[in-house]
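Worksheet: the structure to be examined is printed underneath.
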Amino acid sequence: GWRNIPNTSLDLPSPSKTFGLAVLKYSKPLVETGAIICTSLLQLPTRPVTEEEEKYESVLNIIRRLCNKEHANLNCTSYQNLRKDIIHLHALSFYLQEKKCFPEGVGINSTLDLLLQCLSTEVTCESGAALAATLGNGGLCPLSGDQVMSPHAIRSMLSMMQEAGMNDYSRMFHFKTSVPGKSSQSGVVLIVVPGVLGLMCWSPGLGCNGNSWRGVHFCEELVSTFQLHSFDIRTPFRQVLCYRQ
């Protein structure tokens, strides 16, 4: 709920200040306020779009390219279930709009609709593993050779995953593994070791932090067994280079 809003002063600079200063305070994409703002930026008219569905299709096309065009689709049941709890997101959106965090001309309803569609996108373990491998390869899909995203964008994405991708367990997961990860309430855990590997595992049993406890344990054991921790001095530098080749 509202606990996701940073515990800093809620007073922002006057409207005469730049839009970027207002966004900085709420822009972590992996919490609700940041997700809303990032989705509002996707609404900006980079090209003429007449249908709301086309905006989601453009996002879905990127996801499919990251997955080597494997399974990635909208789960309509999940989308309808999320719409039942949209009042909470409306409240956050009106608050952000009051604080001048929304781009000019972008509506709340269209932003939330696109956000719920993105949240309802489903992948399989196979397509998710291909996506993770693409993230670990700097945005270049190792299966198709398609440069889907720039290395700079991937670096920023992995940094956010490392900071907040595992919910309240993010800092401990970073301490134990040092690798970026992202979990889901469906029981999915995705991790990326840049230049080495990307994987997705699924086990529906959730722990107290909302992560798959088996998935988290597997990833931690994998990193420990193969000495993939960034600060593991047991891993010779030549072995790291061998991994990344």
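Going by the structure tokens order, chains are called A, B, ..., each with residues numbered from 1, while ligands are numbered from 1 in the order shown.
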Close residues, A:Gly107 itself excluded, 10 Å, only C-alpha atoms, min 6 positions apart in chain, as a PDB file with N, CA, C and O atoms, in the first residue's frame:
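Wrote it out as selection_3.pdb, contents follow:
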```
ATOM      1  N   SER A  40       3.366   5.833 -17.612  1.00  0.00           N
ATOM      2  CA  SER A  40       2.898   7.103 -18.189  1.00  0.00           C
ATOM      3  C   SER A  40       3.860   7.598 -19.256  1.00  0.00           C
ATOM      4  O   SER A  40       3.455   8.204 -20.258  1.00  0.00           O
ATOM      5  N   GLN A  43       3.249   6.306 -22.629  1.00  0.00           N
ATOM      6  CA  GLN A  43       2.109   6.901 -23.320  1.00  0.00           C
ATOM      7  C   GLN A  43       2.506   8.098 -24.182  1.00  0.00           C
ATOM      8  O   GLN A  43       1.691   8.585 -24.973  1.00  0.00           O
ATOM      9  N   SER A  93      -2.273   7.315  -8.305  1.00  0.00           N
ATOM     10  CA  SER A  93      -2.123   8.089  -9.542  1.00  0.00           C
ATOM     11  C   SER A  93      -2.570   9.529  -9.352  1.00  0.00           C
ATOM     12  O   SER A  93      -1.916  10.464  -9.838  1.00  0.00           O
ATOM     13  N   GLN A  97      -0.278  12.781  -9.796  1.00  0.00           N
ATOM     14  CA  GLN A  97      -0.698  13.851 -10.696  1.00  0.00           C
ATOM     15  C   GLN A  97      -0.706  15.196  -9.973  1.00  0.00           C
ATOM     16  O   GLN A  97      -0.300  16.222 -10.529  1.00  0.00           O
TER      17      GLN A  97
END
```
- Determine which residues of stretch 138-222 of chain A DSSP labels as alpha helix (DSSP H) from the backbone of this structure, then write them out as a ChimeraX atom specification. /A:151-164,170-177,213-222
- Query: Which one is closest to A:Ala133: A:Met160, A:Leu74, A:Gly145, A:Ile36? Count only C-alpha atoms.
  - Reply: A:Gly145
- In Å, how far is it from atom CA of A:Arg155 to atom CA of A:Phe173?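 Separation of atom CA of A:Arg155 and atom CA of A:Phe173: 18.5 Å.
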